[in-house]
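Asks: Next up, coords14.tsv (TSV, C-alpha atoms).
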```tsv
chain	number	residue	atom	x	y	z
A	239	MET	CA	25.07	-24.87	-16.70
A	240	GLU	CA	22.07	-22.59	-17.35
A	241	GLN	CA	21.41	-22.31	-13.60
A	242	ARG	CA	24.94	-21.04	-13.01
A	243	LYS	CA	24.85	-18.13	-15.50
A	244	PRO	CA	22.45	-15.87	-13.59
A	245	ASP	CA	24.34	-16.60	-10.36
A	246	THR	CA	27.68	-15.51	-11.89
A	247	GLN	CA	26.16	-12.39	-13.39
A	248	ALA	CA	24.42	-11.53	-10.10
A	249	HIS	CA	27.69	-12.12	-8.23
A	250	ILE	CA	29.59	-9.75	-10.53
A	251	LEU	CA	26.90	-7.09	-10.08
A	252	ALA	CA	26.77	-7.52	-6.29
A	253	THR	CA	30.54	-7.24	-6.06
A	254	GLY	CA	30.50	-4.21	-8.33
A	255	ARG	CA	27.76	-2.58	-6.27
A	256	ARG	CA	29.85	-2.94	-3.12
A	257	LEU	CA	33.03	-1.61	-4.75
A	258	THR	CA	31.23	1.22	-6.56
A	259	ALA	CA	29.57	2.35	-3.33
A	260	VAL	CA	33.05	2.98	-1.93
A	261	SER	CA	35.09	4.10	-4.94
A	262	GLY	CA	32.60	5.32	-7.53
A	263	TYR	CA	32.12	3.93	-11.03
A	264	ALA	CA	35.36	5.25	-12.57
A	265	GLY	CA	37.31	4.34	-9.43
A	266	VAL	CA	36.63	0.62	-9.87
A	267	GLY	CA	38.88	-0.90	-12.52
A	268	LEU	CA	37.87	-4.03	-14.37
A	269	ASN	CA	40.84	-5.99	-12.98
A	270	GLU	CA	39.91	-5.00	-9.41
A	271	LEU	CA	36.29	-6.04	-9.98
A	272	LEU	CA	37.27	-9.40	-11.48
A	273	LYS	CA	39.78	-10.13	-8.73
A	274	GLU	CA	37.30	-9.24	-5.99
A	275	ALA	CA	34.54	-11.28	-7.66
A	276	GLY	CA	36.89	-14.18	-8.35
A	277	VAL	CA	35.80	-14.55	-11.97
A	278	PRO	CA	37.85	-14.60	-15.19
A	279	LYS	CA	37.69	-11.79	-17.72
A	280	GLY	CA	35.89	-14.06	-20.17
A	281	SER	CA	33.01	-14.48	-17.73
A	282	PHE	CA	32.67	-10.72	-17.44
A	283	TYR	CA	32.53	-10.25	-21.21
A	284	HIS	CA	30.09	-13.13	-21.55
A	285	TYR	CA	27.54	-11.06	-19.63
A	286	PHE	CA	28.66	-7.52	-20.38
A	287	PRO	CA	30.09	-6.54	-23.79
A	288	SER	CA	31.75	-3.46	-22.25
A	289	LYS	CA	32.29	-1.70	-18.93
A	290	GLU	CA	29.53	0.72	-19.92
A	291	ALA	CA	27.11	-2.19	-20.48
A	292	TYR	CA	28.10	-3.47	-17.04
A	293	GLY	CA	27.48	0.02	-15.57
A	294	ILE	CA	24.04	0.14	-17.16
A	295	ALA	CA	23.21	-3.31	-15.76
A	296	LEU	CA	24.50	-2.24	-12.34
A	297	LEU	CA	22.27	0.83	-12.31
A	298	LYS	CA	19.23	-1.07	-13.57
A	299	GLU	CA	19.65	-3.71	-10.88
A	300	PHE	CA	20.04	-1.02	-8.21
A	301	ALA	CA	16.95	0.78	-9.53
A	302	ASN	CA	14.87	-2.42	-9.48
A	303	ASP	CA	15.97	-3.23	-5.94
A	304	TYR	CA	15.39	0.36	-4.80
A	305	HIS	CA	11.93	0.53	-6.34
A	306	GLY	CA	10.99	-2.71	-4.58
A	307	LYS	CA	11.94	-1.14	-1.24
A	308	LEU	CA	10.20	2.10	-2.21
A	309	ASN	CA	6.99	0.23	-3.00
A	310	LYS	CA	7.16	-1.63	0.30
A	311	THR	CA	7.44	1.63	2.24
A	312	LEU	CA	5.08	3.84	0.24
A	313	ASN	CA	2.40	1.15	-0.14
A	314	HIS	CA	2.45	0.01	3.49
A	315	PRO	CA	-1.15	-0.94	4.27
A	316	GLY	CA	-0.97	-0.12	7.99
A	317	LYS	CA	-0.01	3.55	7.63
A	318	ASP	CA	-1.63	6.63	6.16
A	319	SER	CA	0.08	8.34	3.22
A	320	ARG	CA	1.77	11.08	5.23
A	321	SER	CA	3.23	8.52	7.65
A	322	ARG	CA	4.48	6.47	4.69
A	323	LEU	CA	6.29	9.45	3.23
A	324	ILE	CA	7.89	10.36	6.56
A	325	ALA	CA	8.90	6.70	7.03
A	326	TYR	CA	10.52	6.69	3.57
A	327	PHE	CA	12.62	9.77	4.31
A	328	THR	CA	13.44	8.59	7.84
A	329	GLN	CA	14.80	5.40	6.27
A	330	TRP	CA	16.73	7.48	3.71
A	331	ARG	CA	18.40	9.38	6.56
A	332	LYS	CA	19.30	6.11	8.27
A	333	GLN	CA	20.76	4.55	5.11
A	334	GLN	CA	22.71	7.63	4.02
A	335	SER	CA	24.18	7.84	7.55
A	336	SER	CA	25.17	4.18	7.54
A	337	ASP	CA	28.76	3.10	8.04
A	338	VAL	CA	28.11	0.48	5.33
A	339	PRO	CA	28.63	2.29	1.98
A	340	GLU	CA	26.55	-0.16	-0.08
A	341	GLU	CA	23.47	0.72	1.99
A	342	ARG	CA	23.66	4.28	0.66
A	343	CYS	CA	21.90	5.45	-2.48
A	344	LEU	CA	23.81	4.76	-5.69
A	345	VAL	CA	21.92	7.59	-7.43
A	346	VAL	CA	23.50	10.05	-4.99
A	347	LYS	CA	26.94	8.48	-5.39
A	348	LEU	CA	27.00	8.37	-9.20
A	349	SER	CA	24.83	11.23	-10.49
A	350	ALA	CA	27.57	13.75	-11.20
A	351	GLU	CA	30.14	11.15	-12.23
A	352	VAL	CA	27.92	9.29	-14.68
A	353	ALA	CA	26.66	12.46	-16.35
A	354	ASP	CA	30.17	13.00	-17.70
A	355	LEU	CA	30.83	9.37	-18.64
A	356	SER	CA	27.85	7.82	-20.35
A	357	PRO	CA	24.65	9.23	-21.85
A	358	GLU	CA	23.00	5.80	-21.53
A	359	MET	CA	23.89	5.47	-17.85
A	360	SER	CA	22.63	9.01	-17.31
A	361	ARG	CA	19.36	8.05	-19.00
A	362	VAL	CA	18.93	5.04	-16.67
A	363	LEU	CA	19.56	7.24	-13.62
A	364	GLU	CA	17.16	9.93	-14.86
A	365	GLN	CA	14.42	7.36	-15.49
A	366	SER	CA	14.92	6.02	-11.98
A	367	VAL	CA	14.73	9.51	-10.47
A	368	GLN	CA	11.56	10.33	-12.40
A	369	SER	CA	9.97	7.05	-11.33
A	370	ILE	CA	10.74	7.82	-7.67
A	371	ILE	CA	9.33	11.34	-7.99
A	372	ASN	CA	6.18	9.98	-9.66
A	373	HIS	CA	5.70	7.51	-6.82
A	374	LEU	CA	6.20	10.23	-4.20
A	375	ALA	CA	3.71	12.44	-6.06
A	376	SER	CA	1.18	9.61	-6.16
A	377	THR	CA	1.56	9.13	-2.40
A	378	LEU	CA	1.03	12.86	-1.86
A	379	ARG	CA	-2.19	12.69	-3.90
A	380	ASP	CA	-3.29	9.59	-1.96
A	381	GLY	CA	-2.72	11.54	1.25
A	382	VAL	CA	-5.16	14.22	0.20
A	383	VAL	CA	-7.74	11.51	-0.47
A	384	ASP	CA	-7.14	9.63	2.80
A	385	GLY	CA	-7.10	12.91	4.75
A	386	SER	CA	-3.55	12.66	6.11
A	387	ILE	CA	-2.11	15.37	3.82
A	388	GLY	CA	-3.54	18.83	3.31
A	389	ALA	CA	-4.37	20.33	-0.05
A	390	HIS	CA	-1.42	21.59	-2.08
A	391	ALA	CA	-1.02	23.09	-5.54
A	392	ASN	CA	0.98	20.47	-7.44
A	393	SER	CA	1.91	17.03	-6.12
A	394	LYS	CA	4.55	16.33	-8.77
A	395	GLU	CA	6.29	19.66	-8.15
A	396	LEU	CA	6.22	19.16	-4.39
A	397	ALA	CA	7.56	15.60	-4.76
A	398	ALA	CA	10.40	16.82	-6.98
A	399	THR	CA	11.25	19.64	-4.56
A	400	ILE	CA	11.44	17.25	-1.63
A	401	TYR	CA	13.42	14.65	-3.57
A	402	TYR	CA	15.97	17.22	-4.77
A	403	LEU	CA	16.24	18.54	-1.20
A	404	TRP	CA	17.23	15.03	-0.13
A	405	LEU	CA	19.73	14.57	-2.95
A	406	GLY	CA	21.45	17.79	-1.89
A	407	ALA	CA	21.35	16.87	1.80
A	408	SER	CA	22.85	13.48	0.99
A	409	LEU	CA	25.72	15.07	-0.91
A	410	VAL	CA	26.44	17.46	1.98
A	411	ALA	CA	26.24	14.58	4.47
A	412	GLY	CA	28.74	12.65	2.37
A	413	LEU	CA	31.13	15.60	2.28
A	414	SER	CA	30.83	16.47	5.95
A	415	GLY	CA	30.59	12.99	7.41
A	416	SER	CA	27.71	14.29	9.52
A	417	LYS	CA	24.01	13.51	9.34
A	418	ALA	CA	23.07	17.10	10.28
A	419	ALA	CA	22.02	17.94	6.70
A	420	LEU	CA	19.83	14.82	6.58
A	421	THR	CA	18.22	15.67	9.92
A	422	SER	CA	17.55	19.18	8.63
A	423	ALA	CA	16.05	17.72	5.43
A	424	LEU	CA	13.72	15.52	7.49
A	425	ARG	CA	12.51	18.54	9.49
A	426	ALA	CA	11.98	20.50	6.26
A	427	THR	CA	10.13	17.57	4.70
A	428	ARG	CA	7.72	17.42	7.62
A	429	ASP	CA	7.07	21.14	7.09
A	430	LEU	CA	6.72	20.83	3.31
A	431	ILE	CA	4.17	18.01	3.42
A	432	PRO	CA	1.06	19.85	4.59
A	433	ALA	CA	-0.71	18.18	7.50
A	434	THR	CA	-4.49	18.38	7.76
```
Show how you would write the structure in this file as structure tokens.
Replies:
Amino acid sequence: MEQRKPDTQAHILATGRRLTAVSGYAGVGLNELLKEAGVPKGSFYHYFPSKEAYGIALLKEFANDYHGKLNKTLNHPGKDSRSRLIAYFTQWRKQQSSDVPEERCLVVKLSAEVADLSPEMSRVLEQSVQSIINHLASTLRDGVVDGSIGAHANSKELAATIYYLWLGASLVAGLSGSKAALTSALRATRDLIPAT
């Protein structure tokens, strides 16, 4: 019985991730989620005392998964720091252009919506964003040390600028159905990260 609990919880979260990627957080009703997941309401409330608690768990799981992928890209031992950063944003463009909604970034999808719904969910998203920016800033600093990135005034500020550029480009790409904004963001990113 103990082995089954994490599987059910993970299944609910995976189903919710897929539905939320398409319809947003508010657009996915509890009955729709339970029907799609094939679990009774009691199972849901066993793991999540409320829909907000479920939303928080959904965002935390997404953040953990995302940070694992981020670490894999930005800590790649076979590439210099500048190449790692470009690879990260090239992958972002690919995922945000994907025809599979759940491959796209949940931070982009839910940022505006969650800000109006739940202070706790907003806090989880903000912590995730700051963690990503910190990791990008660290990679920028590493690039100066390894000689792949030129000197610049403030790594954290540059990382935040680039990250916010990509959030905006992702929103425009979602509205337009075109990856032109993402391609433009990639060109701008290459210009913003000073080469040596």
Asks: For atom CA of A:Leu424 and atom CA of A:Tyr263, determine how far apart the two atoms are, in Å to one decimal place.
Replies: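 Computing it gives 28.6 Å between the two atoms.
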Asks: Could you check how far atom CA of A:Leu251 sits from atom CA of A:Ser414, in Å to one decimal?
Replies: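 Calculated distance between atom CA of A:Leu251 and atom CA of A:Ser414 is 28.8 Å.
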Asks: Find the residue from A:Val410, A:Leu348, A:Ile250, A:Leu374 that sits nearest to A:Ile324; use all atoms listed in the file when measuring.
Replies: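 Of the candidates, the smallest distance to A:Ile324 is held by A:Leu374.
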Asks: Any idea what's packed within 7 Å of stretch 303-313 of chain A, counting only C-alpha atoms, ignoring anything in its chain fewer than 5 positions away? Could you give it as a VMD selection string?
Replies: chain A and resid 322 to 323 326 377
Asks: Considering all atoms listed in the file, state which residue in the set A:Lys394, A:Lys347, A:Lys332, A:Arg428 is at the smallest distance from A:Gly406.
Replies: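 Going through A:Lys394, A:Lys347, A:Lys332, A:Arg428 one by one, the smallest distance to A:Gly406 is for A:Lys347.
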Asks: Leaving out A:Arg425 and any residue of its chain fewer than 4 positions from it, which residues lie within 12 Å of it when counting all atoms listed in the file, given as a PyMOL selection string?
Replies: chain A and resi 324+327-328+331+400+403-404+407+418-421+429-431
Asks: Create the file for the chosen residues now, containing C-alpha atoms and written as a PDB file, in the frame of the given file.
Replies:
```pdb
ATOM      1  CA  ILE A 324       7.890  10.360   6.560  1.00  0.00           C
ATOM      2  CA  PHE A 327      12.620   9.770   4.310  1.00  0.00           C
ATOM      3  CA  THR A 328      13.440   8.590   7.840  1.00  0.00           C
ATOM      4  CA  ARG A 331      18.400   9.380   6.560  1.00  0.00           C
ATOM      5  CA  ILE A 400      11.440  17.250  -1.630  1.00  0.00           C
ATOM      6  CA  LEU A 403      16.240  18.540  -1.200  1.00  0.00           C
ATOM      7  CA  TRP A 404      17.230  15.030  -0.130  1.00  0.00           C
ATOM      8  CA  ALA A 407      21.350  16.870   1.800  1.00  0.00           C
ATOM      9  CA  ALA A 418      23.070  17.100  10.280  1.00  0.00           C
ATOM     10  CA  ALA A 419      22.020  17.940   6.700  1.00  0.00           C
ATOM     11  CA  LEU A 420      19.830  14.820   6.580  1.00  0.00           C
ATOM     12  CA  THR A 421      18.220  15.670   9.920  1.00  0.00           C
ATOM     13  CA  ASP A 429       7.070  21.140   7.090  1.00  0.00           C
ATOM     14  CA  LEU A 430       6.720  20.830   3.310  1.00  0.00           C
ATOM     15  CA  ILE A 431       4.170  18.010   3.420  1.00  0.00           C
TER      16      ILE A 431
END
```
Asks: So, counting all atoms listed in the file, which residue among A:Arg342, A:Lys298, A:His249, A:Arg379 is closest to A:Gly276?
Replies: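 Closest to A:Gly276 of all the choices is A:His249.
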Asks: For each of A:Pro432, A:Leu297, A:Ser321, A:Ala411, take the minimum atom-to-atom distance to A:Glu364, counting only C-alpha atoms, then give the residue where this is smallest.
Replies: A:Leu297
Asks: For A:Leu409, which of A:Leu344, A:Ala275, A:Ala291, A:Val352 is the closest residue, counting all atoms listed in the file?
Replies: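 Of all the options, A:Leu344 lies closest to A:Leu409.
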Asks: Could you name the residues that touch stretch 264-271 of chain A at 7 Å or less, counting only C-alpha atoms, but leaving out those on the same chain fewer than 6 positions away, as a ChimeraX atom specification?
Replies: /A:254,257-258
Asks: To one decimal place, how far is atom CA of A:Leu405 from atom CA of A:Ile370 in Å?
Replies: 12.2 Å
Asks: Just checking: using all atoms listed in the file, which residue out of A:Asn392, A:Ser356, A:Ser408, A:Ser281 ends up closest to A:Gly293?
Replies: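 Ranking A:Asn392, A:Ser356, A:Ser408, A:Ser281 by distance to A:Gly293, first place goes to A:Ser356.
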